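Below is query29.cif, holding mmCIF, C-alpha atoms.
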```cif
data_structure
loop_
_atom_site.group_PDB
_atom_site.id
_atom_site.type_symbol
_atom_site.label_atom_id
_atom_site.label_comp_id
_atom_site.auth_asym_id
_atom_site.auth_seq_id
_atom_site.Cartn_x
_atom_site.Cartn_y
_atom_site.Cartn_z
ATOM 1 C CA MET N 407 0.000 0.000 0.000
ATOM 2 C CA ASN N 408 1.356 3.411 -0.982
ATOM 3 C CA ASN N 409 0.588 6.677 0.729
ATOM 4 C CA ARG N 410 1.008 10.418 0.348
ATOM 5 C CA LEU N 411 1.612 11.009 4.022
ATOM 6 C CA GLU N 412 5.116 12.450 3.743
ATOM 7 C CA TRP N 413 4.031 14.843 1.001
ATOM 8 C CA LEU N 414 0.902 15.907 2.892
ATOM 9 C CA ARG N 415 2.822 16.361 6.117
ATOM 10 C CA LYS N 416 5.451 18.526 4.437
ATOM 11 C CA GLN N 417 2.749 20.537 2.658
ATOM 12 C CA ALA N 418 1.086 21.212 5.989
ATOM 13 C CA ASN N 419 4.508 22.007 7.484
ATOM 14 C CA VAL N 420 4.019 19.482 10.255
ATOM 15 C CA LYS N 421 6.888 17.659 11.927
ATOM 16 C CA GLN N 422 6.838 13.875 12.368
ATOM 17 C CA GLU N 423 6.970 14.405 16.134
ATOM 18 C CA THR N 424 3.913 16.687 16.065
ATOM 19 C CA LEU N 425 1.890 14.299 13.953
ATOM 20 C CA ALA N 426 2.981 11.348 16.087
ATOM 21 C CA GLU N 427 1.898 13.128 19.246
ATOM 22 C CA ALA N 428 -1.481 14.026 17.735
ATOM 23 C CA MET N 429 -1.998 10.395 16.657
ATOM 24 C CA GLY N 430 -0.782 8.932 19.958
ATOM 25 C CA VAL N 431 1.969 6.894 18.322
ATOM 26 C CA SER N 432 5.761 7.076 18.238
ATOM 27 C CA ARG N 433 7.689 9.159 15.702
ATOM 28 C CA GLN N 434 9.201 5.930 14.326
ATOM 29 C CA THR N 435 5.714 4.663 13.499
ATOM 30 C CA ILE N 436 4.980 7.757 11.403
ATOM 31 C CA SER N 437 8.359 7.325 9.705
ATOM 32 C CA SER N 438 7.624 3.639 8.991
ATOM 33 C CA ILE N 439 4.222 4.516 7.505
ATOM 34 C CA GLU N 440 5.783 7.179 5.285
ATOM 35 C CA THR N 441 8.423 4.806 3.953
ATOM 36 C CA GLY N 442 5.815 2.081 3.408
ATOM 37 C CA LYS N 443 7.479 -0.326 5.836
ATOM 38 C CA TYR N 444 4.364 -0.452 7.985
ATOM 39 C CA ASN N 445 0.699 -0.329 7.012
ATOM 40 C CA PRO N 446 -1.412 1.334 9.711
ATOM 41 C CA SER N 447 -4.634 -0.052 11.155
ATOM 42 C CA ILE N 448 -7.948 1.307 9.853
ATOM 43 C CA ILE N 449 -8.356 3.413 12.983
ATOM 44 C CA LEU N 450 -4.919 5.028 12.651
ATOM 45 C CA ALA N 451 -5.411 5.535 8.905
ATOM 46 C CA MET N 452 -8.710 7.321 9.577
ATOM 47 C CA LYS N 453 -7.159 9.446 12.310
ATOM 48 C CA ILE N 454 -4.356 10.479 9.951
ATOM 49 C CA ALA N 455 -6.810 11.271 7.157
ATOM 50 C CA ARG N 456 -8.984 13.346 9.494
ATOM 51 C CA TYR N 457 -5.918 15.235 10.731
ATOM 52 C CA PHE N 458 -5.387 16.503 7.173
ATOM 53 C CA ASP N 459 -9.156 16.915 6.493
ATOM 54 C CA LEU N 460 -9.045 14.247 3.814
ATOM 55 C CA THR N 461 -10.527 10.819 3.232
ATOM 56 C CA VAL N 462 -8.508 7.643 3.802
ATOM 57 C CA GLU N 463 -8.396 7.015 0.036
ATOM 58 C CA GLU N 464 -6.838 10.418 -0.505
ATOM 59 C CA VAL N 465 -3.983 9.591 1.835
ATOM 60 C CA PHE N 466 -3.537 5.868 1.320
ATOM 61 C CA ILE N 467 -3.488 4.242 -2.105
ATOM 62 C CA TYR N 468 -4.198 0.545 -2.263
ATOM 63 C CA GLU N 469 -2.655 -1.326 -5.154
ATOM 64 C CA GLU N 470 -3.415 -4.955 -5.976
ATOM 65 C CA GLU N 471 -0.347 -7.097 -5.446
ATOM 66 C CA ASN N 472 0.875 -9.039 -8.490
ATOM 67 C CA GLN N 473 -0.152 -12.653 -8.165
ATOM 68 C CA MET L 881 -12.666 4.312 24.018
ATOM 69 C CA LYS L 882 -10.201 5.067 26.819
ATOM 70 C CA LYS L 883 -7.205 2.749 26.780
ATOM 71 C CA THR L 884 -5.799 1.308 29.995
ATOM 72 C CA PHE L 885 -2.314 2.506 30.839
ATOM 73 C CA PHE L 886 -0.812 -0.699 32.218
ATOM 74 C CA THR L 887 2.649 0.702 33.070
ATOM 75 C CA LYS L 888 1.038 3.275 35.375
ATOM 76 C CA ARG L 889 -1.166 0.629 36.999
ATOM 77 C CA TYR L 890 1.824 -1.678 37.396
ATOM 78 C CA LEU L 891 3.945 1.030 39.037
ATOM 79 C CA GLU L 892 1.076 2.007 41.336
ATOM 80 C CA ILE L 893 0.730 -1.628 42.426
ATOM 81 C CA VAL L 894 4.508 -1.867 43.034
ATOM 82 C CA ARG L 895 4.283 1.286 45.167
ATOM 83 C CA ILE L 896 1.402 -0.162 47.201
ATOM 84 C CA ILE L 897 3.331 -3.421 47.720
ATOM 85 C CA GLY L 898 6.291 -1.344 48.912
ATOM 86 C CA MET L 899 4.041 0.535 51.349
ATOM 87 C CA VAL L 900 2.581 -2.727 52.671
ATOM 88 C CA SER L 901 6.098 -4.055 53.167
ATOM 89 C CA ILE L 902 7.051 -0.975 55.192
ATOM 90 C CA VAL L 903 3.834 -1.223 57.252
ATOM 91 C CA VAL L 904 4.661 -4.879 58.024
ATOM 92 C CA PHE L 905 8.119 -3.767 59.154
ATOM 93 C CA LEU L 906 6.611 -1.061 61.391
ATOM 94 C CA LEU L 907 4.118 -3.552 62.871
ATOM 95 C CA ASP L 908 7.030 -5.880 63.600
ATOM 96 C CA ILE L 909 8.698 -3.181 65.703
ATOM 97 C CA GLN L 910 5.613 -3.256 67.945
ATOM 98 C CA PHE L 911 4.696 -6.958 67.923
ATOM 99 C CA VAL L 912 7.990 -8.718 66.924
ATOM 100 C CA PHE L 913 6.821 -11.564 64.659
ATOM 101 C CA LEU L 914 9.445 -11.530 61.884
ATOM 102 C CA THR L 915 12.870 -13.149 61.669
ATOM 103 C CA ASP L 916 15.925 -10.905 61.259
ATOM 104 C CA TYR L 917 16.153 -11.849 57.595
ATOM 105 C CA MET L 918 12.491 -11.008 56.928
ATOM 106 C CA ARG L 919 12.770 -7.756 58.847
ATOM 107 C CA GLY L 920 15.738 -6.649 56.731
ATOM 108 C CA PHE L 921 14.066 -7.826 53.547
ATOM 109 C CA ASN L 922 10.795 -6.003 54.303
ATOM 110 C CA ILE L 923 12.336 -2.618 54.977
ATOM 111 C CA SER L 924 14.899 -2.734 52.142
ATOM 112 C CA PHE L 925 12.413 -4.083 49.568
ATOM 113 C CA GLY L 926 9.645 -1.755 50.745
ATOM 114 C CA VAL L 927 11.719 1.412 50.596
ATOM 115 C CA THR L 928 13.349 0.486 47.262
ATOM 116 C CA ALA L 929 10.029 -0.437 45.598
ATOM 117 C CA MET L 930 8.235 2.636 46.896
ATOM 118 C CA VAL L 931 11.002 5.100 46.025
ATOM 119 C CA ILE L 932 11.707 3.723 42.521
ATOM 120 C CA ALA L 933 7.988 3.420 41.638
ATOM 121 C CA SER L 934 7.294 6.947 42.935
ATOM 122 C CA ILE L 935 10.217 8.448 40.994
ATOM 123 C CA MET L 936 9.031 6.750 37.787
ATOM 124 C CA LEU L 937 5.410 7.797 38.344
ATOM 125 C CA LEU L 938 6.383 11.415 38.935
ATOM 126 C CA HIS L 939 8.751 11.539 35.932
ATOM 127 C CA LYS L 940 6.316 12.943 33.345
ATOM 128 C CA PRO L 941 8.487 12.530 30.199
ATOM 129 C CA PHE L 942 9.121 8.882 31.114
ATOM 130 C CA MET L 943 5.426 8.208 31.721
ATOM 131 C CA LYS L 944 4.449 9.877 28.455
ATOM 132 C CA GLU L 945 7.050 7.858 26.569
ATOM 133 C CA SER L 946 5.862 4.665 28.275
ATOM 134 C CA GLN L 947 2.247 5.392 27.378
ATOM 135 C CA ILE L 948 3.121 5.896 23.711
ATOM 136 C CA ALA L 949 5.347 2.797 23.694
ATOM 137 C CA GLU L 950 2.548 0.776 25.282
ATOM 138 C CA GLN L 951 -0.272 1.963 23.012
ATOM 139 C CA ASP L 952 1.619 2.368 19.726
ATOM 140 C CA GLU L 953 0.078 -0.205 17.358
ATOM 141 C CA ARG L 954 3.345 -0.827 15.475
ATOM 142 C CA LEU L 955 5.218 -1.556 18.708
ATOM 143 C CA MET L 956 2.324 -3.763 19.846
ATOM 144 C CA MET L 957 2.616 -5.752 16.621
ATOM 145 C CA ILE L 958 6.405 -6.058 17.075
ATOM 146 C CA ARG L 959 5.960 -7.220 20.676
ATOM 147 C CA GLY L 960 3.461 -9.834 19.507
ATOM 148 C CA LYS L 961 5.811 -11.135 16.832
ATOM 149 C CA VAL L 962 8.764 -11.211 19.244
ATOM 150 C CA MET L 963 6.769 -13.128 21.855
ATOM 151 C CA THR L 964 5.446 -15.637 19.310
ATOM 152 C CA SER L 965 8.916 -16.323 17.910
ATOM 153 C CA THR L 966 10.464 -16.542 21.378
ATOM 154 C CA TYR L 967 7.769 -18.978 22.481
ATOM 155 C CA LEU L 968 8.537 -21.251 19.528
ATOM 156 C CA PHE L 969 12.260 -20.999 20.271
ATOM 157 C CA HIS L 970 11.580 -21.779 23.935
ATOM 158 C CA TYR L 971 9.421 -24.762 22.991
ATOM 159 C CA TRP L 972 12.057 -26.399 20.822
ATOM 160 C CA LEU L 973 14.905 -25.556 23.197
ATOM 161 C CA MET L 974 12.995 -27.317 25.991
ATOM 162 C CA VAL L 975 12.512 -30.386 23.785
ATOM 163 C CA VAL L 976 16.268 -30.517 23.093
ATOM 164 C CA LEU L 977 17.154 -29.919 26.764
ATOM 165 C CA ILE L 978 14.810 -32.654 28.005
ATOM 166 C CA ILE L 979 16.616 -35.107 25.720
ATOM 167 C CA VAL L 980 20.044 -33.817 26.810
ATOM 168 C CA PHE L 981 19.120 -33.874 30.520
ATOM 169 C CA GLY L 982 18.081 -37.483 30.139
ATOM 170 C CA MET L 983 21.719 -38.320 29.439
ATOM 171 C CA ILE L 984 23.197 -36.267 32.306
ATOM 172 C CA GLU L 985 23.190 -37.670 35.804
ATOM 173 C CA ARG L 986 24.473 -34.699 37.813
ATOM 174 C CA MET L 987 21.489 -32.759 39.111
ATOM 175 C CA TYR L 988 23.111 -29.340 39.445
ATOM 176 C CA PHE L 989 23.322 -29.163 35.671
ATOM 177 C CA PHE L 990 19.557 -28.593 35.724
ATOM 178 C CA SER L 991 19.692 -25.284 37.537
ATOM 179 C CA VAL L 992 22.801 -24.059 35.709
ATOM 180 C CA ILE L 993 21.402 -24.859 32.262
ATOM 181 C CA LEU L 994 17.904 -23.568 33.069
ATOM 182 C CA ALA L 995 19.412 -20.276 34.208
ATOM 183 C CA GLY L 996 21.340 -20.208 30.928
ATOM 184 C CA VAL L 997 18.087 -20.812 29.022
ATOM 185 C CA PHE L 998 16.610 -17.606 30.435
ATOM 186 C CA VAL L 999 19.708 -15.644 29.418
ATOM 187 C CA ILE L 1000 19.658 -17.112 25.904
ATOM 188 C CA GLU L 1001 15.925 -16.445 25.546
ATOM 189 C CA TYR L 1002 16.395 -12.854 26.594
ATOM 190 C CA ILE L 1003 19.162 -12.418 24.011
ATOM 191 C CA VAL L 1004 16.896 -13.995 21.358
ATOM 192 C CA MET L 1005 14.085 -11.609 22.353
ATOM 193 C CA LEU L 1006 16.382 -8.604 22.065
ATOM 194 C CA GLY L 1007 17.653 -9.789 18.680
ATOM 195 C CA LEU L 1008 14.133 -10.331 17.345
ATOM 196 C CA ASP L 1009 13.018 -6.966 18.710
ATOM 197 C CA MET L 1010 15.842 -5.228 16.841
ATOM 198 C CA PHE L 1011 15.094 -7.244 13.691
ATOM 199 C CA TYR L 1012 11.366 -6.402 13.640
ATOM 200 C CA LYS L 1013 11.936 -2.757 14.527
ATOM 201 C CA LYS L 1014 14.241 -2.534 11.520
ATOM 202 C CA LYS L 1015 11.769 -4.414 9.316
ATOM 203 C CA TYR L 1016 8.643 -2.405 10.245
#
```
Would you mind writing the file out in C-alpha cells?
Amino acid sequence: MNNRLEWLRKQANVKQETLAEAMGVSRQTISSIETGKYNPSIILAMKIARYFDLTVEEVFIYEEENQ
Amino acid sequence: MKKTFFTKRYLEIVRIIGMVSIVVFLLDIQFVFLTDYMRGFNISFGVTAMVIASIMLLHKPFMKESQIAEQDERLMMIRGKVMTSTYLFHYWLMVVLIIVFGMIERMYFFSVILAGVFVIEYIVMLGLDMFYKKKY
C-alpha cells in the first residue's frame, strides 16, 4: 500500500513528532508509515486522514499485489 | 474508548506493595513476629520499591514515553511477533534440553542450564526486537 503522508505532512509544514503526538503513536511509526514499511490499522489511517481533512483514500493508495 | 495505561497501573501496584512491606516492618517493631532476615528484607524491599515506583510515576516525560510505547500499534505488533517467535524458540529448546538432561546424571546441571536458558531467551528476544523494529 502506498501513501502520500510524507508529502501531505510537508505541505502542511508538520513535523513527524507533532503528527505522532497528535496520533498517539511514536515518531518511528509515522516514519515507517511514510516509507511504506508499515501499514497502519484502519483506525490510525482514519485518524491520519482526518488530521489533514481528507478521506482515507486520498492519503492511502491501495494497489493490488501481483499474483 | 479510553485505553488502559498498564505501566502506570503496574507502578502504582509496586508502590502499594512497597508501602505494605514498610507497614509490616513497622508492625514488627511493635509486635515482633518476623525473623531478622524477613525484617531486613521487608524494609529494604519496601523502601526500594516505593522510592523507585514513585520516581518513575512522577517523571512525566518517562510516563508519556511509556504510554506511547505501550499503546503504539506498530510496537504492539512487534511485541506480539517477538513473543510468538520466542515462544517457539523456547518450545524447541525445551525439547532438546529434556533429551540432553536425560543423558546427564548430575542434578546441578539442571539449575545451571535452566538459568542459561533464560539468558539465551532474553538475548533472542532482544535480537528479534531489533530485527522487527528494523523491518517495520
Practice item. Would you translate the PyMOL selection byres ((chain N) within 8 of (chain L)) into the concrete set of residues it matches in this file, as an MDAnalysis selection string? Key: chainID N and resid 430:432 435 438 443:444 446:447
Practice item. Would you translate the PyMOL selection byres ((chain L and resi 888) around 12) into the concrete set of residues it matches in this file, as a list in words? Key: Lys883, Thr884, Phe885, Phe886, Thr887, Arg889, Tyr890, Leu891, Glu892, Ile893, Val894, Arg895, Ala933, Ser934, Ile935, Met936, Leu937, Leu938, His939, Lys940, Phe942, Met943, Lys944, Glu945, Ser946, Gln947 and Glu950 of chain L
Point to revise | Distance in Å - atom CA of Met987 of chain L versus atom CA of Leu973 of chain L | key: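 Answer for the atom CA of Met987 of chain L to atom CA of Leu973 of chain L separation: 18.7 Å.
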Exercise for review: List the residues matched by the PyMOL selection byres ((chain N and resi 422) around 9) in the displayed structure as a list in words, ordered by chain and then by residue number.
Suggested key: Glu412, Arg415, Val420, Lys421, Glu423, Thr424, Leu425, Ala426, Glu427, Arg433, Gln434, Ile436 and Ser437 of chain N
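Nearest to Val1004 of chain L of all the residues L:Phe969, L:Lys961, L:Thr915, L:Gly898 is L:Phe969, based on all atoms listed in the file.
The two atoms in question, atom CA of Gly1007 of chain L and atom CA of Val980 of chain L, are spaced 25.5 Å apart.
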Point to revise | Protein and nucleic acid residues near (3.2, 1.9, -2.7) (cut-off 10 Å, all atoms listed in the file) as a list in words | key: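 The residues near that point, listed by chain and number, are Met407, Asn408, Asn409, Arg410, Glu440, Thr441, Gly442, Lys443, Phe466, Ile467, Tyr468 and Glu469 of chain N.
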Mind writing the picked residues with C-alpha atoms as a compact mmCIF listing (two decimals), in the frame of the given file?
```
# COMPACT_ATOMS: atom_id res chain seq x y z
CA MET N 407 0.00 0.00 0.00
CA ASN N 408 1.36 3.41 -0.98
CA ASN N 409 0.59 6.68 0.73
CA ARG N 410 1.01 10.42 0.35
CA GLU N 440 5.78 7.18 5.28
CA THR N 441 8.42 4.81 3.95
CA GLY N 442 5.82 2.08 3.41
CA LYS N 443 7.48 -0.33 5.84
CA PHE N 466 -3.54 5.87 1.32
CA ILE N 467 -3.49 4.24 -2.10
CA TYR N 468 -4.20 0.55 -2.26
CA GLU N 469 -2.66 -1.33 -5.15
```
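Our summary of the geometry notes that atom CA of Phe925 of chain L is positioned 15.7 Å from atom CA of Leu907 of chain L.
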Axis-aligned box for segment 908-915 of chain L, 6 Å per side, centre and edges in Å as AutoDock Vina command-line options:
```
--center_x 8.8 --center_y -8.2 --center_z 64.8 --size_x 20.2 --size_y 22.0 --size_z 18.3
```
Point to revise | Shell of 12 Å around Tyr1002 of chain L, all atoms listed in the file, local chain residues under 5 positions omitted, as a VMD selection string | key: chain L and resid 962 to 963 965 to 967 969 to 970 995 to 997 1007 to 1009
Selection export as an mmCIF file, keeping the file's coordinate frame, atoms kept: C-alpha atoms:
```cif
data_model
loop_
_atom_site.group_PDB
_atom_site.id
_atom_site.type_symbol
_atom_site.label_atom_id
_atom_site.label_comp_id
_atom_site.auth_asym_id
_atom_site.auth_seq_id
_atom_site.Cartn_x
_atom_site.Cartn_y
_atom_site.Cartn_z
ATOM 1 C CA VAL L 962 8.764 -11.211 19.244
ATOM 2 C CA MET L 963 6.769 -13.128 21.855
ATOM 3 C CA SER L 965 8.916 -16.323 17.910
ATOM 4 C CA THR L 966 10.464 -16.542 21.378
ATOM 5 C CA TYR L 967 7.769 -18.978 22.481
ATOM 6 C CA PHE L 969 12.260 -20.999 20.271
ATOM 7 C CA HIS L 970 11.580 -21.779 23.935
ATOM 8 C CA ALA L 995 19.412 -20.276 34.208
ATOM 9 C CA GLY L 996 21.340 -20.208 30.928
ATOM 10 C CA VAL L 997 18.087 -20.812 29.022
ATOM 11 C CA GLY L 1007 17.653 -9.789 18.680
ATOM 12 C CA LEU L 1008 14.133 -10.331 17.345
ATOM 13 C CA ASP L 1009 13.018 -6.966 18.710
#
```
Review point. Quick one: residues within 8 Å of Ile897 of chain L, all atoms listed in the file counted, chain neighbours fewer than 6 positions away excluded, as a list in words?
Key: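 Final neighbour list, sorted by chain and number: Gly926, Ala929 and Met930 of chain L.
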Exercise for review: Find, counting all atoms listed in the file, the residue in L:Leu1006, L:Phe911, L:Ile1000, L:Phe905 that gets nearest to Arg959 of chain L.
Suggested key: L:Leu1006
Check your understanding: Skipping near chain neighbours, those fewer than 5 positions away, what residues fall within 10 Å of Ile448 of chain N using all atoms listed in the file, listed as a PyMOL selection string?
Key -> chain N and resi 453-454+462
Include C-alpha atoms and write out the residues we just selected as a PDB file, in the coordinates of the input.
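Once written, selection-v1.pdb looks like this:
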```
ATOM      1  CA  LYS N 453      -7.159   9.446  12.310  1.00  0.00           C
ATOM      2  CA  ILE N 454      -4.356  10.479   9.951  1.00  0.00           C
ATOM      3  CA  VAL N 462      -8.508   7.643   3.802  1.00  0.00           C
TER       4      VAL N 462
END
```
**Study point:** Option closest in space to Ile896 of chain L, from L:Ile993, L:Gln910, L:Tyr917, L:Ile932 [counting only C-alpha atoms]
**Key:**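 Among L:Ile993, L:Gln910, L:Tyr917, L:Ile932, it is L:Ile932 that comes nearest to Ile896 of chain L.
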